[in-house]
$ cat query-v1.cif   # mmCIF, C-alpha atoms and all ligand atoms
data_upload
#
loop_
_atom_site.label_atom_id
_atom_site.label_comp_id
_atom_site.auth_asym_id
_atom_site.auth_seq_id
_atom_site.Cartn_x
_atom_site.Cartn_y
_atom_site.Cartn_z
CA MET A 25 127.26 124.74 101.60
CA MET A 26 123.57 124.13 102.25
CA LEU A 27 120.73 125.87 100.44
CA HIS A 28 117.31 126.55 101.82
CA MET A 29 114.77 127.46 99.15
CA ASP A 30 111.38 128.93 99.99
CA LEU A 31 108.83 129.96 97.38
CA ASP A 32 107.50 133.48 97.96
CA THR A 33 103.78 133.70 98.75
CA PHE A 34 103.51 130.30 97.09
CA PHE A 35 99.74 129.83 96.82
CA VAL A 36 99.30 133.35 95.42
CA SER A 37 102.24 132.88 93.04
CA ALA A 38 100.74 129.59 91.86
CA HIS A 39 97.53 131.33 90.78
CA ARG A 40 99.57 134.09 89.14
CA THR A 41 101.21 131.53 86.87
CA ARG A 42 97.74 130.86 85.44
CA ASP A 43 96.25 134.35 85.57
CA LEU A 44 98.50 137.29 84.75
CA SER A 45 95.86 139.81 85.80
CA LEU A 46 96.76 138.87 89.40
CA LEU A 47 100.28 140.31 89.07
CA ASN A 48 101.21 143.55 90.88
CA ARG A 49 98.01 143.85 92.87
CA PRO A 50 96.83 142.75 96.31
CA VAL A 51 95.77 139.10 96.20
CA ALA A 52 95.03 136.56 98.91
CA VAL A 53 94.21 132.89 98.94
CA GLY A 54 91.53 132.16 101.51
CA GLY A 55 90.76 128.99 103.36
CA ARG A 56 87.76 127.38 104.99
CA SER A 57 87.10 124.10 106.66
CA ASN A 58 85.29 121.88 104.21
CA LEU A 59 82.15 120.94 106.12
CA LYS A 60 80.36 119.20 103.27
CA ILE A 61 81.77 115.91 104.49
CA PHE A 62 79.33 116.05 107.39
CA ASP A 63 76.28 116.30 105.08
CA ARG A 64 73.93 113.39 105.50
CA LYS A 65 72.73 113.57 101.90
CA GLN A 66 76.09 113.70 100.22
CA VAL A 67 76.84 110.80 97.89
CA GLY A 68 79.40 110.02 95.26
CA VAL A 69 81.94 112.70 96.17
CA ARG A 70 85.16 111.89 94.42
CA LEU A 71 88.41 112.60 96.09
CA TYR A 72 91.60 113.52 94.41
CA ASN A 73 94.65 112.12 95.98
CA ALA A 74 97.80 113.78 94.79
CA ASN A 75 100.11 112.99 97.65
CA ARG A 76 103.38 112.81 95.84
CA GLY A 77 105.66 113.95 98.58
CA ALA A 78 104.24 117.40 99.15
CA PHE A 79 103.29 117.94 102.73
CA VAL A 80 99.68 118.95 102.57
CA ASN A 81 96.63 116.92 103.34
CA PRO A 82 96.24 114.99 100.12
CA LEU A 83 92.46 115.06 100.04
CA PHE A 84 90.70 117.34 97.62
CA TYR A 85 87.11 117.79 96.78
CA PRO A 86 86.50 118.97 93.25
CA SER A 87 83.82 121.22 94.74
CA GLU A 88 86.64 123.33 96.17
CA ARG A 89 86.96 124.81 92.71
CA GLN A 90 84.21 127.34 93.22
CA ALA A 91 83.59 131.05 92.93
CA PHE A 92 84.31 133.40 95.82
CA GLU A 93 80.62 133.86 96.66
CA GLU A 94 79.95 130.13 96.69
CA PHE A 95 82.97 129.31 98.78
CA PHE A 96 83.26 132.12 101.31
CA VAL A 97 79.89 133.85 101.54
CA GLU A 98 77.25 132.30 103.72
CA LYS A 99 73.60 133.31 104.11
CA MET A 100 72.73 133.60 107.78
CA PRO A 101 69.27 132.67 109.15
CA ASP A 102 68.47 136.40 109.45
CA GLY A 103 69.02 136.82 105.71
CA LYS A 104 72.31 138.69 106.04
CA GLU A 105 75.44 137.53 104.28
CA LYS A 106 78.60 136.70 106.15
CA ILE A 107 82.10 136.27 104.76
CA ARG A 108 83.69 133.20 106.30
CA GLY A 109 87.23 131.90 106.22
CA ILE A 110 90.75 133.11 106.87
CA VAL A 111 93.75 134.36 104.90
CA VAL A 112 96.03 131.43 104.06
CA THR A 113 98.56 133.38 101.97
CA SER A 114 98.64 136.97 100.79
CA SER A 115 100.73 138.88 98.27
CA TYR A 116 103.22 141.53 99.36
CA GLU A 117 100.88 144.22 98.00
CA ALA A 118 98.23 143.03 100.49
CA ARG A 119 100.74 142.67 103.34
CA GLU A 120 101.63 146.32 102.91
CA LYS A 121 98.05 147.14 103.91
CA GLY A 122 98.34 145.04 107.07
CA VAL A 123 96.91 141.76 105.79
CA LYS A 124 98.36 138.77 107.61
CA THR A 125 98.18 134.98 107.40
CA GLY A 126 95.48 133.61 109.71
CA MET A 127 93.46 136.83 109.72
CA PRO A 128 89.69 136.51 109.15
CA LEU A 129 88.93 137.33 105.52
CA ALA A 130 86.27 139.87 106.50
CA GLU A 131 88.86 141.82 108.49
CA ALA A 132 91.48 141.58 105.73
CA LEU A 133 88.96 142.97 103.23
CA ARG A 134 88.25 145.91 105.51
CA LEU A 135 91.99 146.70 105.57
CA CYS A 136 92.42 146.14 101.86
CA PRO A 137 89.07 146.47 100.04
CA ASP A 138 90.52 146.07 96.53
CA MET A 139 92.18 142.79 97.43
CA LYS A 140 91.23 139.87 95.18
CA VAL A 141 90.41 136.79 97.27
CA LEU A 142 90.94 133.43 95.60
CA VAL A 143 89.43 130.05 96.38
CA PRO A 144 92.25 127.60 97.17
CA ASP A 145 93.27 125.12 94.49
CA TYR A 146 95.32 122.51 96.34
CA LEU A 147 95.61 120.32 93.31
CA LEU A 148 97.44 123.14 91.48
CA TYR A 149 99.79 123.69 94.45
CA HIS A 150 100.58 120.00 94.61
CA GLU A 151 101.28 119.79 90.91
CA LEU A 152 103.62 122.80 90.96
CA SER A 153 105.37 121.66 94.13
CA PHE A 154 105.88 118.19 92.67
CA ALA A 155 107.21 119.58 89.38
CA LEU A 156 109.62 121.89 91.19
CA HIS A 157 110.87 119.04 93.38
CA ARG A 158 111.55 116.92 90.30
CA PHE A 159 113.37 119.84 88.68
CA LEU A 160 115.51 120.49 91.77
CA ARG A 161 116.46 116.81 92.00
CA ARG A 162 117.87 117.07 88.51
CA GLU A 163 119.81 120.26 89.31
CA ILE A 164 121.13 119.39 92.79
CA PRO A 165 122.51 116.00 93.89
CA ARG A 166 120.76 115.94 97.26
CA VAL A 167 117.41 117.60 97.80
CA GLU A 168 115.04 117.36 100.74
CA GLN A 169 111.48 118.58 100.55
CA PHE A 170 110.72 120.27 103.86
CA SER A 171 107.19 121.48 103.17
CA ILE A 172 104.99 122.10 100.16
CA ASP A 173 107.01 125.24 99.30
CA GLU A 174 110.37 124.69 101.00
CA PHE A 175 113.39 122.60 100.03
CA PHE A 176 116.89 121.99 101.34
CA GLY A 177 119.76 121.31 98.98
CA ASP A 178 123.28 120.07 99.74
CA LEU A 179 125.89 121.60 97.43
CA ASN A 180 128.95 120.18 99.18
CA GLY A 181 131.26 118.58 96.65
CA TRP A 182 129.06 119.88 93.82
CA VAL A 183 129.51 123.64 93.70
CA ARG A 184 132.65 125.34 95.02
CA GLU A 185 132.09 127.58 98.00
CA GLU A 186 133.11 130.79 96.26
CA GLU A 187 130.66 130.03 93.46
CA VAL A 188 127.67 129.15 95.59
CA PHE A 189 126.11 132.62 95.57
CA ALA A 190 126.25 132.90 91.78
CA TYR A 191 124.91 129.36 91.52
CA ALA A 192 121.89 130.26 93.71
CA VAL A 193 121.17 133.34 91.60
CA HIS A 194 121.34 131.18 88.48
CA LEU A 195 119.02 128.58 90.02
CA LYS A 196 116.52 131.30 90.95
CA HIS A 197 116.62 132.51 87.39
CA LEU A 198 116.01 129.00 86.02
CA ILE A 199 113.05 128.50 88.38
CA TRP A 200 111.55 131.80 87.26
CA GLN A 201 112.01 130.94 83.59
CA LYS A 202 110.62 127.45 83.89
CA PHE A 203 107.84 127.91 86.45
CA ARG A 204 107.25 131.70 86.77
CA LEU A 205 107.54 131.22 90.53
CA PRO A 206 109.51 133.71 92.67
CA ILE A 207 111.73 131.98 95.25
CA SER A 208 114.08 133.12 98.01
CA ILE A 209 117.27 131.25 98.80
CA GLY A 210 119.33 131.21 101.99
CA ILE A 211 122.86 129.79 101.93
CA ALA A 212 124.93 128.72 104.93
CA PRO A 213 127.19 125.88 106.09
CA SER A 214 124.27 124.32 108.01
CA LYS A 215 120.62 123.64 107.16
CA TRP A 216 119.01 125.66 109.95
CA ILE A 217 121.20 128.73 109.54
CA ALA A 218 120.39 128.54 105.82
CA LYS A 219 116.69 128.44 106.68
CA LEU A 220 117.16 131.46 108.92
CA ALA A 221 119.09 133.25 106.17
CA THR A 222 116.15 132.80 103.78
CA LYS A 223 114.09 135.19 105.93
CA PHE A 224 116.64 137.86 105.04
CA ALA A 225 116.58 136.89 101.38
CA LYS A 226 112.83 137.57 101.08
CA PRO A 227 111.27 138.60 98.86
CA ASN A 228 112.78 137.07 95.79
CA GLY A 229 116.44 137.29 96.82
CA VAL A 230 119.52 135.33 97.84
CA TYR A 231 121.27 135.69 101.21
CA LEU A 232 124.59 134.07 102.08
CA VAL A 233 126.03 133.49 105.56
CA LYS A 234 129.61 132.20 105.60
CA LYS A 235 130.89 130.01 108.42
CA GLU A 236 132.91 132.76 110.06
CA GLU A 237 129.96 135.16 109.79
CA ILE A 238 127.53 133.01 111.78
CA PRO A 239 128.19 134.55 115.24
CA GLU A 240 127.70 138.07 113.94
CA PHE A 241 124.69 137.07 111.83
CA ILE A 242 122.74 135.50 114.70
CA GLU A 243 123.79 138.03 117.38
CA GLU A 244 120.77 140.36 117.23
CA ILE A 245 118.13 137.97 115.86
CA PRO A 246 115.21 137.38 118.27
CA VAL A 247 115.06 133.75 119.43
CA GLU A 248 111.48 133.27 118.19
CA MET A 249 112.66 133.71 114.60
CA PHE A 250 114.70 130.52 114.77
CA PRO A 251 113.08 127.45 113.20
CA GLY A 252 112.05 125.02 115.93
CA ILE A 253 111.82 127.48 118.79
CA GLY A 254 108.19 127.20 119.78
CA LYS A 255 106.17 128.21 122.78
CA GLY A 256 107.96 125.90 125.20
CA PHE A 257 111.52 126.96 124.43
CA ARG A 258 110.50 130.60 124.17
CA LYS A 259 109.10 130.48 127.69
CA ARG A 260 112.19 128.76 129.11
CA LEU A 261 114.51 131.21 127.37
CA SER A 262 112.59 134.25 128.56
CA GLU A 263 112.78 132.88 132.12
CA HIS A 264 116.55 133.22 131.71
CA PHE A 265 116.24 136.63 130.04
CA ILE A 266 117.56 135.28 126.76
CA LYS A 267 116.07 137.30 123.92
CA THR A 268 118.48 136.92 121.01
CA LEU A 269 120.24 134.00 119.35
CA GLY A 270 123.57 135.64 120.23
CA GLU A 271 122.69 135.49 123.92
CA ALA A 272 121.49 131.91 123.46
CA SER A 273 124.82 130.92 121.90
CA ARG A 274 126.58 131.88 125.15
CA HIS A 275 124.43 129.53 127.28
CA GLN A 276 125.50 126.07 126.14
CA ALA A 277 125.26 124.55 129.64
CA LEU A 278 121.70 125.77 130.02
CA PHE A 279 120.64 124.19 126.71
CA TYR A 280 122.43 120.96 127.69
CA SER A 281 120.44 120.87 130.93
CA TRP A 282 117.32 120.47 128.75
CA LYS A 283 118.50 117.05 127.55
CA THR A 284 118.50 115.97 123.90
CA PRO A 285 116.04 118.54 122.51
CA GLY A 286 118.04 121.35 124.13
CA ARG A 287 121.34 119.96 122.92
CA VAL A 288 120.09 119.54 119.36
CA LEU A 289 118.66 123.06 119.32
CA TYR A 290 121.87 124.60 120.69
CA HIS A 291 123.99 123.17 117.88
CA ARG A 292 121.46 124.23 115.28
CA ILE A 293 121.61 127.80 116.60
CA VAL A 294 125.40 128.00 116.48
CA GLY A 295 125.44 126.24 113.11
CA ASP A 296 127.55 123.17 113.90
CA ASP A 297 124.79 120.54 114.07
CA GLY A 298 126.22 118.73 111.05
CA GLU A 299 122.72 117.56 110.03
CA SER A 300 122.53 116.29 106.50
CA VAL A 301 119.98 116.82 103.79
CA SER A 302 117.81 113.73 103.84
CA GLU A 303 116.07 112.71 100.69
CA ARG A 304 113.53 110.58 102.43
CA ASN A 305 110.50 112.45 103.52
CA ASP A 306 108.51 109.89 105.40
CA ARG A 307 105.40 111.26 106.90
CA LYS A 308 105.33 110.92 110.66
CA SER A 309 101.63 111.43 111.14
CA ILE A 310 98.40 111.62 109.20
CA GLY A 311 95.73 113.98 110.42
CA ILE A 312 92.60 115.89 109.63
CA SER A 313 90.73 118.69 111.37
CA ARG A 314 87.54 120.67 110.97
CA THR A 315 86.30 123.93 112.53
CA PHE A 316 82.58 124.76 112.64
CA ASP A 317 79.85 126.65 114.48
CA PRO A 318 79.36 125.37 118.05
CA ILE A 319 77.71 121.94 118.27
CA CYS A 320 76.18 121.11 121.61
CA ASP A 321 74.69 117.74 120.65
CA ARG A 322 77.08 115.05 121.82
CA GLU A 323 75.83 112.48 119.33
CA GLU A 324 76.44 114.87 116.42
CA VAL A 325 80.01 115.39 117.60
CA ARG A 326 80.50 111.63 117.78
CA ARG A 327 79.05 111.24 114.28
CA ARG A 328 81.51 113.79 112.92
CA ILE A 329 84.41 112.07 114.65
CA LEU A 330 83.45 108.80 112.95
CA ILE A 331 83.29 110.55 109.55
CA LEU A 332 86.74 112.04 110.07
CA ALA A 333 87.96 108.60 111.17
CA ARG A 334 86.82 107.23 107.80
CA HIS A 335 88.91 109.89 106.05
CA ILE A 336 91.92 108.96 108.16
CA VAL A 337 91.48 105.29 107.28
CA PHE A 338 91.53 106.20 103.60
CA LEU A 339 94.74 108.24 103.99
CA VAL A 340 96.42 105.54 106.09
CA PHE A 341 95.77 102.83 103.51
CA LYS A 342 96.95 105.20 100.77
CA ALA A 343 100.19 105.73 102.66
CA GLY A 344 100.56 102.01 103.38
CA VAL A 345 101.44 102.43 107.05
CA ASN A 346 100.19 100.93 110.30
CA PRO A 347 99.70 103.63 112.93
CA THR A 348 99.72 102.66 116.61
CA GLY A 349 99.22 106.14 118.11
CA TYR A 350 95.93 108.04 118.06
CA TYR A 351 95.20 111.66 118.95
CA LEU A 352 91.88 113.40 119.46
CA GLY A 353 91.64 117.12 120.27
CA LEU A 354 88.44 119.07 120.84
CA ARG A 355 88.00 122.81 121.11
CA TYR A 356 84.96 124.30 122.81
CA ASP A 357 83.19 127.65 122.42
CA THR A 358 84.23 128.41 126.00
CA GLY A 359 87.88 128.43 124.90
CA VAL A 360 88.56 125.11 126.63
CA ARG A 361 90.73 122.66 124.68
CA LEU A 362 90.84 119.00 125.56
CA LYS A 363 93.11 116.39 124.07
CA GLN A 364 93.86 112.75 124.58
CA THR A 365 96.23 110.29 122.99
CA PHE A 366 96.13 106.53 122.97
CA HIS A 367 98.56 103.82 121.93
CA GLU A 368 97.43 100.49 120.68
CA GLU A 369 99.58 97.88 118.98
CA ARG A 370 96.96 96.46 116.68
CA LEU A 371 96.51 95.93 113.01
CA PHE A 372 94.90 99.07 111.66
CA SER A 373 91.43 98.85 110.14
CA ASP A 374 88.17 100.80 109.86
CA GLN A 375 86.95 98.99 112.95
CA VAL A 376 90.02 99.59 115.09
CA CYS A 377 90.20 103.25 114.05
CA GLN A 378 86.55 103.96 114.83
CA GLU A 379 86.75 101.97 118.06
CA VAL A 380 89.79 103.87 119.33
CA PHE A 381 88.49 107.32 118.38
CA GLY A 382 85.13 106.40 119.90
CA LYS A 383 86.91 105.49 123.15
CA LEU A 384 88.96 108.69 123.10
CA PHE A 385 85.75 110.66 122.68
CA GLU A 386 84.22 108.84 125.68
CA VAL A 387 87.22 109.83 127.79
CA LEU A 388 87.06 113.48 126.75
CA SER A 389 83.28 113.65 127.21
CA GLU A 390 83.68 112.82 130.87
CA TYR A 391 84.86 116.36 131.46
CA SER A 392 81.48 118.00 131.78
CA GLY A 393 80.53 121.64 131.61
CA THR A 394 83.00 122.43 128.86
CA GLY A 395 80.47 123.89 126.45
CA CYS A 396 79.83 123.19 122.78
CA VAL A 397 82.42 121.81 120.35
CA THR A 398 83.83 124.16 117.65
CA LYS A 399 86.78 122.14 116.40
CA ILE A 400 87.75 118.51 116.00
CA ARG A 401 91.33 117.56 115.35
CA MET A 402 92.39 113.97 114.83
CA SER A 403 95.60 112.29 113.86
CA VAL A 404 97.33 108.94 113.87
CA PHE A 405 101.08 108.48 114.30
CA ARG A 406 103.81 106.08 115.49
CA PHE A 407 103.80 104.00 112.34
CA SER A 408 105.10 100.50 112.66
CA TYR A 409 105.49 97.69 110.22
CA GLN A 410 103.31 94.66 110.43
CA SER A 411 106.20 92.32 111.20
CA ARG A 412 107.34 94.41 114.14
CA LEU A 413 103.98 94.67 115.83
CA THR A 414 103.58 92.97 119.15
CA LEU A 415 100.04 92.06 118.49
CA SER A 416 97.64 91.50 121.26
CA LEU A 417 96.64 87.82 121.09
CA LEU A 418 93.22 88.66 122.36
CA ASN A 419 92.37 90.61 119.24
CA ILE A 420 94.52 89.06 116.59
CA LYS A 421 91.95 86.87 114.84
CA ASN A 422 89.40 89.61 114.71
CA ASP A 423 91.95 92.21 113.70
CA TYR A 424 93.13 90.20 110.70
CA ALA A 425 89.55 89.70 109.59
CA ASN A 426 88.81 93.39 110.08
CA ARG A 427 91.88 94.42 108.22
CA ASN A 428 91.06 92.23 105.23
CA LEU A 429 87.56 93.64 105.16
CA SER A 430 88.94 97.20 105.41
CA LEU A 431 91.33 96.61 102.55
CA SER A 432 88.50 95.41 100.32
CA ILE A 433 86.47 98.46 101.28
CA HIS A 434 89.47 100.64 100.55
CA ARG A 435 89.71 99.20 97.04
CA LEU A 436 86.07 100.10 96.46
CA ARG A 437 86.59 103.59 97.86
CA GLN A 438 89.55 104.14 95.57
CA LYS A 439 87.51 103.07 92.60
CA TYR A 440 84.25 104.85 93.33
CA SER A 441 84.38 107.39 96.12
CA LEU A 442 85.27 107.72 99.76
CA ASP A 443 81.65 107.82 100.82
CA ILE A 444 80.55 104.78 98.84
CA ILE A 445 80.64 102.76 102.05
CA LYS A 446 79.74 104.36 105.35
CA LYS A 447 79.08 102.95 108.77
CA GLY A 448 75.51 102.90 110.04
CA SER A 449 76.67 104.97 113.00
CA GLU A 450 77.57 107.85 110.67
CA LEU A 451 74.06 108.26 109.33
MG MG A 501 107.04 130.13 101.27
#
$ encode --input "query-v1.cif" --output "structure tokens"
Amino acid sequence: MMLHMDLDTFFVSAHRTRDLSLLNRPVAVGGRSNLKIFDRKQVGVRLYNANRGAFVNPLFYPSERQAFEEFFVEKMPDGKEKIRGIVVTSSYEAREKGVKTGMPLAEALRLCPDMKVLVPDYLLYHELSFALHRFLRREIPRVEQFSIDEFFGDLNGWVREEEVFAYAVHLKHLIWQKFRLPISIGIAPSKWIAKLATKFAKPNGVYLVKKEEIPEFIEEIPVEMFPGIGKGFRKRLSEHFIKTLGEASRHQALFYSWKTPGRVLYHRIVGDDGESVSERNDRKSIGISRTFDPICDREEVRRRILILARHIVFLVFKAGVNPTGYYLGLRYDTGVRLKQTFHEERLFSDQVCQEVFGKLFEVLSEYSGTGCVTKIRMSVFRFSYQSRLTLSLLNIKNDYANRNLSLSIHRLRQKYSLDIIKKGSEL
């Protein structure tokens, strides 16, 4: 059998392990885009990098450890104070009052005025997630980390089927004793049905779906609850009046007409995909994004893109990969979203990264009349290894020189700080 383990309200629970006064009361962890990186004056900011397999952006600013007022409350030009930020995670006590993930904090506090709002502490989450992963690897032969607070485990050949439920209860107990973290566990013959089962285990429970119970279990579940059914599939399914997983399971030919993604999804839904728990958790992309008040000055947007590019360079060298795909997405105050991707088989460096993102920005800026920018989202993907690159001969000499220079800069950045060396164009 396969286990899917999902920590309950993880970020809130993490703070509760340190502060018992947060137990049994409405609590939320808030989030805000860190905009300090765009400050012209800022120098010597140290970055923590705790990317040890957990799936969250591994960049931390120590300044994120601040009080509520410092982090979320902003003085407006008219002298009034405004609460910024959104709910990232909330406790069940807050959810009972209608608080939801993604909700503006100001609104959540209107619904639940006695809710305690915490400043995020990503370093703490990483440390706990890493410790739990290490613990699970000792307890279970094959473990896959799926996100910062979710894990798959393969118990086949390890725990007998009739003992799996008791084993999961025991594991939950151990995790509570060792970490004081509540966790929910779904059990099923396949990974994705186990993940679906976890939703029925929450909060703080265990839910088992046996092989012969799968058809009955999925029958009434709305399709959008299934992991991996996003906007696109939801639209296609609703065009065929398919609302539940049970209905979906009776339309194999339709799913097959959607090629590989449809075929893969169909077998996940009926629980015979046979996918294994993979212990490797290679990252497939590295990205960063920032949301801010509308910026109408094109040069300021470009400057911010170059700053974010510097952060991406740092993360890429940390991960030791060579990306060949680049993505730039911009959101405007008019609601318009523009995006552009670019592929370039070149050795990655500061220069190449800034050049490509600069070009992508040129392309997007050609669409005029879109308004002022409120969000920048950038990522790099399609990692390849140096030996497998078909390098463009035109650039190769320069690219090697640039890469060597970038690597030396990276060493300095690791030692001192990410903003020890900036490009003139950022200032
Ligand atoms: Mg969770």
$ closest_atom_pairs --input "query-v1.cif" --of "chain A" --to "ligand MG 501 (chain A)" --cutoff "12 Å" --atoms "all atoms listed in the file" --output "Markdown table"
| residue | atom | partner | partner_atom | distance |
| --- | --- | --- | --- | --- |
| A:His28 | CA | A:MG501 | MG | 10.9 |
| A:Met29 | CA | A:MG501 | MG | 8.4 |
| A:Asp30 | CA | A:MG501 | MG | 4.7 |
| A:Leu31 | CA | A:MG501 | MG | 4.3 |
| A:Asp32 | CA | A:MG501 | MG | 4.7 |
| A:Thr33 | CA | A:MG501 | MG | 5.5 |
| A:Phe34 | CA | A:MG501 | MG | 5.5 |
| A:Phe35 | CA | A:MG501 | MG | 8.6 |
| A:Val36 | CA | A:MG501 | MG | 10.2 |
| A:Ser37 | CA | A:MG501 | MG | 9.9 |
| A:Ala38 | CA | A:MG501 | MG | 11.3 |
| A:Val112 | CA | A:MG501 | MG | 11.4 |
| A:Thr113 | CA | A:MG501 | MG | 9.1 |
| A:Ser114 | CA | A:MG501 | MG | 10.8 |
| A:Ser115 | CA | A:MG501 | MG | 11.2 |
| A:Thr125 | CA | A:MG501 | MG | 11.8 |
| A:Tyr149 | CA | A:MG501 | MG | 11.9 |
| A:Ser153 | CA | A:MG501 | MG | 11.2 |
| A:Phe170 | CA | A:MG501 | MG | 10.8 |
| A:Ser171 | CA | A:MG501 | MG | 8.9 |
| A:Ile172 | CA | A:MG501 | MG | 8.4 |
| A:Asp173 | CA | A:MG501 | MG | 5.3 |
| A:Glu174 | CA | A:MG501 | MG | 6.4 |
| A:Phe175 | CA | A:MG501 | MG | 9.9 |
| A:Leu205 | CA | A:MG501 | MG | 10.8 |
| A:Pro206 | CA | A:MG501 | MG | 9.6 |
| A:Ile207 | CA | A:MG501 | MG | 7.9 |
| A:Ser208 | CA | A:MG501 | MG | 8.3 |
| A:Ile209 | CA | A:MG501 | MG | 10.6 |
| A:Lys219 | CA | A:MG501 | MG | 11.2 |
| A:Thr222 | CA | A:MG501 | MG | 9.8 |
| A:Lys223 | CA | A:MG501 | MG | 9.8 |
| A:Ala225 | CA | A:MG501 | MG | 11.7 |
| A:Lys226 | CA | A:MG501 | MG | 9.4 |
| A:Pro227 | CA | A:MG501 | MG | 9.8 |
| A:Asn228 | CA | A:MG501 | MG | 10.5 |
$ write_last_selection --input "query-v1.cif" --atoms "C-alpha atoms" --output "PDB file, keeping the file's coordinate frame"
ATOM      1  CA  HIS A  28     117.310 126.550 101.820  1.00  0.00           C
ATOM      2  CA  MET A  29     114.770 127.460  99.150  1.00  0.00           C
ATOM      3  CA  ASP A  30     111.380 128.930  99.990  1.00  0.00           C
ATOM      4  CA  LEU A  31     108.830 129.960  97.380  1.00  0.00           C
ATOM      5  CA  ASP A  32     107.500 133.480  97.960  1.00  0.00           C
ATOM      6  CA  THR A  33     103.780 133.700  98.750  1.00  0.00           C
ATOM      7  CA  PHE A  34     103.510 130.300  97.090  1.00  0.00           C
ATOM      8  CA  PHE A  35      99.740 129.830  96.820  1.00  0.00           C
ATOM      9  CA  VAL A  36      99.300 133.350  95.420  1.00  0.00           C
ATOM     10  CA  SER A  37     102.240 132.880  93.040  1.00  0.00           C
ATOM     11  CA  ALA A  38     100.740 129.590  91.860  1.00  0.00           C
ATOM     12  CA  VAL A 112      96.030 131.430 104.060  1.00  0.00           C
ATOM     13  CA  THR A 113      98.560 133.380 101.970  1.00  0.00           C
ATOM     14  CA  SER A 114      98.640 136.970 100.790  1.00  0.00           C
ATOM     15  CA  SER A 115     100.730 138.880  98.270  1.00  0.00           C
ATOM     16  CA  THR A 125      98.180 134.980 107.400  1.00  0.00           C
ATOM     17  CA  TYR A 149      99.790 123.690  94.450  1.00  0.00           C
ATOM     18  CA  SER A 153     105.370 121.660  94.130  1.00  0.00           C
ATOM     19  CA  PHE A 170     110.720 120.270 103.860  1.00  0.00           C
ATOM     20  CA  SER A 171     107.190 121.480 103.170  1.00  0.00           C
ATOM     21  CA  ILE A 172     104.990 122.100 100.160  1.00  0.00           C
ATOM     22  CA  ASP A 173     107.010 125.240  99.300  1.00  0.00           C
ATOM     23  CA  GLU A 174     110.370 124.690 101.000  1.00  0.00           C
ATOM     24  CA  PHE A 175     113.390 122.600 100.030  1.00  0.00           C
ATOM     25  CA  LEU A 205     107.540 131.220  90.530  1.00  0.00           C
ATOM     26  CA  PRO A 206     109.510 133.710  92.670  1.00  0.00           C
ATOM     27  CA  ILE A 207     111.730 131.980  95.250  1.00  0.00           C
ATOM     28  CA  SER A 208     114.080 133.120  98.010  1.00  0.00           C
ATOM     29  CA  ILE A 209     117.270 131.250  98.800  1.00  0.00           C
ATOM     30  CA  LYS A 219     116.690 128.440 106.680  1.00  0.00           C
ATOM     31  CA  THR A 222     116.150 132.800 103.780  1.00  0.00           C
ATOM     32  CA  LYS A 223     114.090 135.190 105.930  1.00  0.00           C
ATOM     33  CA  ALA A 225     116.580 136.890 101.380  1.00  0.00           C
ATOM     34  CA  LYS A 226     112.830 137.570 101.080  1.00  0.00           C
ATOM     35  CA  PRO A 227     111.270 138.600  98.860  1.00  0.00           C
ATOM     36  CA  ASN A 228     112.780 137.070  95.790  1.00  0.00           C
TER      37      ASN A 228
END
$ closest_residue --input "query-v1.cif" --among "A:Val193, A:Ala118, A:Met26, A:Met249" --to "Val301 of chain A" --atoms "all atoms listed in the file"
A:Met26
$ closest_residue --input "query-v1.cif" --among "A:Ala272, A:Ile420, A:Val183, A:Ile245" --to "Glu369 of chain A" --atoms "only C-alpha atoms"
A:Ile420
$ axis_aligned_box --input "query-v1.cif" --around "segment 276-284 of chain A" --padding-each-side "5 Å" --output "AutoDock Vina command-line options"
--center_x 121.4 --center_y 121.0 --center_z 127.4 --size_x 18.2 --size_y 20.1 --size_z 17.0
$ residues_around --input "query-v1.cif" --residues "Glu186 of chain A" --least-positions-apart "4" --cutoff "10 Å" --atoms "all atoms listed in the file" --output "PyMOL selection string"
chain A and resi 25+190-191
$ closest_residue --input "query-v1.cif" --among "A:Leu232, A:His150, A:Trp200, A:Gln169" --to "Glu187 of chain A" --atoms "all atoms listed in the file"
A:Leu232
$ closest_residue --input "query-v1.cif" --among "A:Asp423, A:Glu368, A:Asp374, A:Glu263" --to "Val340 of chain A" --atoms "only C-alpha atoms"
A:Asp374
$ atom_distance --input "query-v1.cif" --atom1 "atom CA of Ile110 of chain A" --atom2 "atom CA of Gly126 of chain A"
5.5 Å
$ closest_residue --input "query-v1.cif" --among "A:Leu431, A:Leu384, A:Leu198, A:Ile266" --to "Pro246 of chain A" --atoms "only C-alpha atoms"
A:Ile266
$ closest_atom_pairs --input "query-v1.cif" --of "segment 275-380 of chain A" --to "segment 235-241 of chain A" --cutoff "10 Å" --atoms "only C-alpha atoms" --output "CSV"
residue,atom,partner,partner_atom,distance
A:Ile293,CA,A:Ile238,CA,9.2
A:Val294,CA,A:Ile238,CA,7.2
A:Gly295,CA,A:Ile238,CA,7.2
A:Asp296,CA,A:Lys235,CA,9.4
$ atom_distance --input "query-v1.cif" --atom1 "atom CA of Val387 of chain A" --atom2 "atom CA of Phe62 of chain A"
22.7 Å
$ closest_residue --input "query-v1.cif" --among "A:Asn180, A:Gln201, A:Thr394, A:Ser408" --to "Ser300 of chain A" --atoms "only C-alpha atoms"
A:Asn180
$ atom_distance --input "query-v1.cif" --atom1 "atom CA of Phe372 of chain A" --atom2 "atom CA of Leu147 of chain A"
28.1 Å
$ residues_around --input "query-v1.cif" --residues "Val167 of chain A" --least-positions-apart "3" --cutoff "9 Å" --atoms "only C-alpha atoms" --output "JSON, numbers by chain"
{"A": [157, 160, 161, 164, 175, 176, 177, 178, 301, 302, 303]}
